[in-house]
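Novice: What follows is a structure written as structure tokens; I'll ask about it next.
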Amino acid sequence: MAGIYIYSDKKDIVAELINFAKESEKEACVITFKQEDAEAIKDFGAEKIYVLKGSSQVPENYGKAVAELLKKQDADLFAVGATARGRDIAARTAGYLDCGMVSDVSSLSYREGTVISQRMMYGGTVIQSEELKGLCVVTVPAGKFEAAVGGETVEIITIDVEADSRVRLIETAPVLREGTDITAVDTVICVGQGLDKKEDLQLAQGLADVLGAEIGCTRGIAEERKWLPVERYIGISGAVIKPKLYISMGVSGQVQHVVGIRDSKVIVAVDLNEKAPIFRAADYGIVGNMYEIIPLLTEALKNA
Ligand SMILES: Cc1cc2nc3c(=O)[nH]c(=O)nc-3n(C[C@H](O)[C@H](O)[C@H](O)COP(=O)(O)OP(=O)(O)OC[C@H]3O[C@@H](n4cnc5c(N)ncnc54)[C@H](O)[C@@H]3O)c2cc1C
């Protein structure tokens, strides 16, 4: 069956890509590798769910099987969630299909057999627009589309397939993260390298306590100074956040950082340098010394 074929190891992205297929007026066909994954998404409104059943526990090993299914079904497009696993499967499948692939699109639409996409290049300084015709593969980060809101129970089709046996699963271990996930909070106070010393993080913490916020940072604060865990840094190579409120202090706002904050609802920036690029991204800007402004702001909010 033609249509937009979808894979993601994240349920939320599956729901978003189903909606993308529907907006594109195409049937949404989801691929999974486990029966329980199919059951978990069966009410998301896809037309079909294919369970590719084989002997491997590693989803990436099904690249060839996915490619064969897409060819057999005359698929229009393979849209894959841009997670570590998704990118791997996408690349392998595109390789087996010998077709075009666009990674980590920032925008995506599908019209009359053509995929129209944009993606950032060179650390976010350039936007590349691409059009691909015929069956191709795209990887799509979370949050690019509204999630599909339910639908009828779909047909679940199980197909026995052969898996590549060259990669074997040896063991699994949980990723240990420190503190809250800053991609999931409403308010973020972001500290940059304008901060003089580690103890001054207290300044940010004071404001964060009043607002019920979490602290994020720029890359240098985590990677070079090691004042905060790497999960806390925001930007093209760090976390991409979408809080209701983002307040920066001593962040210059280089493009690699701004890429990670631009979907914030309200951006407030405090910086000494009136020409700092952060002010171009900000809804509200305060030019001044954060060591004076942040305590005043904290106090005012405490009494608000
Ligand atoms: C390939 C690549 C990927 C990258 N990925 C990321 C990424 O994901 N995330 C990221 O953050 N960076 C990333 N970077 C780094 C990025 O280019 C910037 O270097 C970095 O974001 C700058 O961090 P900053 O704003 O904290 O520091 P700076 O650029 O040094 O800015 C410090 C700011 O503090 C201000 N300031 C100083 N004192 C005060 C004061 N007392 N009160 C108020 N303001 C003050 C200054 O005016 C200045 O604007 C990447 C770079 C490359 C090349």
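Convention: chains lettered A, B, ... in structure tokens order; per-chain residue numbering from 1; ligands numbered from 1 as shown.
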How would you write, as a ChimeraX atom specification, the set of residues in range 251-283 of chain A that DSSP gives as strand (DSSP E or B)?
Specialist: /A:266-271
Novice: Write the residues of the selection above to a file with C-alpha atoms, as a PDB file, in the first residue's frame.
Specialist:
ATOM      1  CA  VAL A 266       8.986  34.173  25.764  1.00  0.00           C
ATOM      2  CA  ILE A 267      12.717  34.903  25.719  1.00  0.00           C
ATOM      3  CA  VAL A 268      14.191  37.377  28.189  1.00  0.00           C
ATOM      4  CA  ALA A 269      17.885  38.279  27.987  1.00  0.00           C
ATOM      5  CA  VAL A 270      20.172  40.091  30.411  1.00  0.00           C
ATOM      6  CA  ASP A 271      23.574  41.014  29.007  1.00  0.00           C
TER       7      ASP A 271
END
Novice: Report as a ChimeraX atom specification all protein, DNA and RNA residues lying within 8 Å of Ile189 in chain A, evaluated on only C-alpha atoms, omitting residues in the same chain fewer than 6 positions from it.
Specialist: /A:204,207-208,213-217,246-249
Novice: Rounded to one decimal place, report the CA of Arg166 in chain A-CA of Ala90 in chain A distance in Å.
Specialist: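 The value is 17.7 Å.
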Novice: Show me, as JSON lines, the residues of chain A having an atom within 8 Å of ligand 1, each with the closest atom pair and its distance in Å, using only C-alpha atoms and all ligand atoms.
Specialist:
{"residue": "A:Tyr122", "atom": "CA", "partner": "ligand 1", "partner_atom_place_in_ligand_line": "1 (C)", "distance": 7.3}
{"residue": "A:Gly123", "atom": "CA", "partner": "ligand 1", "partner_atom_place_in_ligand_line": "1 (C)", "distance": 5.0}
{"residue": "A:Val191", "atom": "CA", "partner": "ligand 1", "partner_atom_place_in_ligand_line": "26 (O)", "distance": 6.8}
{"residue": "A:Gly192", "atom": "CA", "partner": "ligand 1", "partner_atom_place_in_ligand_line": "26 (O)", "distance": 3.2}
{"residue": "A:Gln193", "atom": "CA", "partner": "ligand 1", "partner_atom_place_in_ligand_line": "26 (O)", "distance": 3.7}
{"residue": "A:Gly194", "atom": "CA", "partner": "ligand 1", "partner_atom_place_in_ligand_line": "34 (O)", "distance": 3.3}
{"residue": "A:Leu195", "atom": "CA", "partner": "ligand 1", "partner_atom_place_in_ligand_line": "38 (N)", "distance": 6.2}
{"residue": "A:Asp196", "atom": "CA", "partner": "ligand 1", "partner_atom_place_in_ligand_line": "38 (N)", "distance": 7.4}
{"residue": "A:Cys217", "atom": "CA", "partner": "ligand 1", "partner_atom_place_in_ligand_line": "11 (O)", "distance": 6.7}
{"residue": "A:Thr218", "atom": "CA", "partner": "ligand 1", "partner_atom_place_in_ligand_line": "11 (O)", "distance": 3.3}
{"residue": "A:Arg219", "atom": "CA", "partner": "ligand 1", "partner_atom_place_in_ligand_line": "11 (O)", "distance": 4.0}
{"residue": "A:Gly220", "atom": "CA", "partner": "ligand 1", "partner_atom_place_in_ligand_line": "23 (O)", "distance": 5.8}
{"residue": "A:Ile221", "atom": "CA", "partner": "ligand 1", "partner_atom_place_in_ligand_line": "26 (O)", "distance": 6.6}
{"residue": "A:Tyr233", "atom": "CA", "partner": "ligand 1", "partner_atom_place_in_ligand_line": "9 (N)", "distance": 6.1}
{"residue": "A:Ile234", "atom": "CA", "partner": "ligand 1", "partner_atom_place_in_ligand_line": "9 (N)", "distance": 5.0}
{"residue": "A:Gly235", "atom": "CA", "partner": "ligand 1", "partner_atom_place_in_ligand_line": "8 (O)", "distance": 3.2}
{"residue": "A:Ile236", "atom": "CA", "partner": "ligand 1", "partner_atom_place_in_ligand_line": "8 (O)", "distance": 4.0}
{"residue": "A:Ser237", "atom": "CA", "partner": "ligand 1", "partner_atom_place_in_ligand_line": "8 (O)", "distance": 3.7}
{"residue": "A:Gly238", "atom": "CA", "partner": "ligand 1", "partner_atom_place_in_ligand_line": "8 (O)", "distance": 4.4}
{"residue": "A:Ala239", "atom": "CA", "partner": "ligand 1", "partner_atom_place_in_ligand_line": "8 (O)", "distance": 7.2}
{"residue": "A:Met249", "atom": "CA", "partner": "ligand 1", "partner_atom_place_in_ligand_line": "43 (C)", "distance": 5.9}
{"residue": "A:Gly250", "atom": "CA", "partner": "ligand 1", "partner_atom_place_in_ligand_line": "34 (O)", "distance": 3.4}
{"residue": "A:Val251", "atom": "CA", "partner": "ligand 1", "partner_atom_place_in_ligand_line": "25 (O)", "distance": 3.5}
{"residue": "A:Ser252", "atom": "CA", "partner": "ligand 1", "partner_atom_place_in_ligand_line": "49 (O)", "distance": 3.3}
{"residue": "A:Gly253", "atom": "CA", "partner": "ligand 1", "partner_atom_place_in_ligand_line": "25 (O)", "distance": 5.4}
{"residue": "A:Gln254", "atom": "CA", "partner": "ligand 1", "partner_atom_place_in_ligand_line": "21 (O)", "distance": 5.1}
{"residue": "A:Val255", "atom": "CA", "partner": "ligand 1", "partner_atom_place_in_ligand_line": "17 (O)", "distance": 6.7}
{"residue": "A:Gln256", "atom": "CA", "partner": "ligand 1", "partner_atom_place_in_ligand_line": "6 (C)", "distance": 4.6}
{"residue": "A:His257", "atom": "CA", "partner": "ligand 1", "partner_atom_place_in_ligand_line": "10 (C)", "distance": 4.0}
{"residue": "A:Val258", "atom": "CA", "partner": "ligand 1", "partner_atom_place_in_ligand_line": "11 (O)", "distance": 7.7}
{"residue": "A:Val259", "atom": "CA", "partner": "ligand 1", "partner_atom_place_in_ligand_line": "8 (O)", "distance": 7.9}
{"residue": "A:Gly260", "atom": "CA", "partner": "ligand 1", "partner_atom_place_in_ligand_line": "8 (O)", "distance": 7.0}
{"residue": "A:Val270", "atom": "CA", "partner": "ligand 1", "partner_atom_place_in_ligand_line": "43 (C)", "distance": 5.8}
{"residue": "A:Asp271", "atom": "CA", "partner": "ligand 1", "partner_atom_place_in_ligand_line": "44 (N)", "distance": 3.5}
{"residue": "A:Leu272", "atom": "CA", "partner": "ligand 1", "partner_atom_place_in_ligand_line": "44 (N)", "distance": 4.1}
{"residue": "A:Asn273", "atom": "CA", "partner": "ligand 1", "partner_atom_place_in_ligand_line": "47 (O)", "distance": 4.4}
{"residue": "A:Glu274", "atom": "CA", "partner": "ligand 1", "partner_atom_place_in_ligand_line": "47 (O)", "distance": 7.9}
{"residue": "A:Ala276", "atom": "CA", "partner": "ligand 1", "partner_atom_place_in_ligand_line": "49 (O)", "distance": 5.2}
{"residue": "A:Pro277", "atom": "CA", "partner": "ligand 1", "partner_atom_place_in_ligand_line": "49 (O)", "distance": 7.9}
{"residue": "A:Ile278", "atom": "CA", "partner": "ligand 1", "partner_atom_place_in_ligand_line": "49 (O)", "distance": 7.8}
{"residue": "A:Val287", "atom": "CA", "partner": "ligand 1", "partner_atom_place_in_ligand_line": "43 (C)", "distance": 7.6}
{"residue": "A:Gly288", "atom": "CA", "partner": "ligand 1", "partner_atom_place_in_ligand_line": "43 (C)", "distance": 5.8}
{"residue": "A:Asn289", "atom": "CA", "partner": "ligand 1", "partner_atom_place_in_ligand_line": "42 (N)", "distance": 3.7}
{"residue": "A:Met290", "atom": "CA", "partner": "ligand 1", "partner_atom_place_in_ligand_line": "42 (N)", "distance": 3.9}
{"residue": "A:Tyr291", "atom": "CA", "partner": "ligand 1", "partner_atom_place_in_ligand_line": "41 (N)", "distance": 5.8}
Novice: Using only C-alpha atoms, determine which residues lie at most 8 Å from range 298-301 of chain A, disregarding the query and same-chain residues fewer than 3 positions distant; provide the list as an mmCIF file with N, CA and C atoms, in the first residue's frame.
Specialist:
data_model
loop_
_atom_site.group_PDB
_atom_site.id
_atom_site.type_symbol
_atom_site.label_atom_id
_atom_site.label_comp_id
_atom_site.auth_asym_id
_atom_site.auth_seq_id
_atom_site.Cartn_x
_atom_site.Cartn_y
_atom_site.Cartn_z
ATOM 1 N N GLY A 206 18.703 31.423 42.834
ATOM 2 C CA GLY A 206 17.756 32.271 43.577
ATOM 3 C C GLY A 206 16.559 32.629 42.699
ATOM 4 N N LEU A 207 16.857 33.029 41.463
ATOM 5 C CA LEU A 207 15.771 33.392 40.536
ATOM 6 C C LEU A 207 14.958 32.150 40.160
ATOM 7 N N VAL A 210 12.407 31.211 42.828
ATOM 8 C CA VAL A 210 11.210 32.064 42.858
ATOM 9 C C VAL A 210 10.248 31.688 41.732
ATOM 10 N N LEU A 211 10.816 31.324 40.579
ATOM 11 C CA LEU A 211 9.961 31.050 39.410
ATOM 12 C C LEU A 211 9.623 29.570 39.247
ATOM 13 N N ILE A 294 19.871 40.666 38.218
ATOM 14 C CA ILE A 294 19.211 39.410 38.630
ATOM 15 C C ILE A 294 18.716 39.479 40.090
ATOM 16 N N PRO A 295 19.522 40.022 41.042
ATOM 17 C CA PRO A 295 18.973 40.129 42.404
ATOM 18 C C PRO A 295 17.746 41.047 42.459
ATOM 19 N N ALA A 304 6.003 39.880 44.075
ATOM 20 C CA ALA A 304 4.914 40.123 43.096
ATOM 21 C C ALA A 304 3.645 39.367 43.508
#
Novice: So the first atom is CA of Ser24 in chain A and the second is CA of Lys71 in chain A; what is the distance between them in Å, to one decimal place?
Specialist: 20.1 Å
Novice: Using only C-alpha atoms, which of the listed residues (A:Val188, A:Ala15, A:Val161, A:Ile182) sits closest to Glu231 in chain A?
Specialist: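 The answer is A:Ile182, which sits nearest to Glu231 in chain A.
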Novice: A:Gly113, A:Phe44, A:Cys29, A:Thr83: which is nearest Asp9 in chain A, counting only C-alpha atoms?
Specialist: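 The answer is A:Thr83, which sits nearest to Asp9 in chain A.
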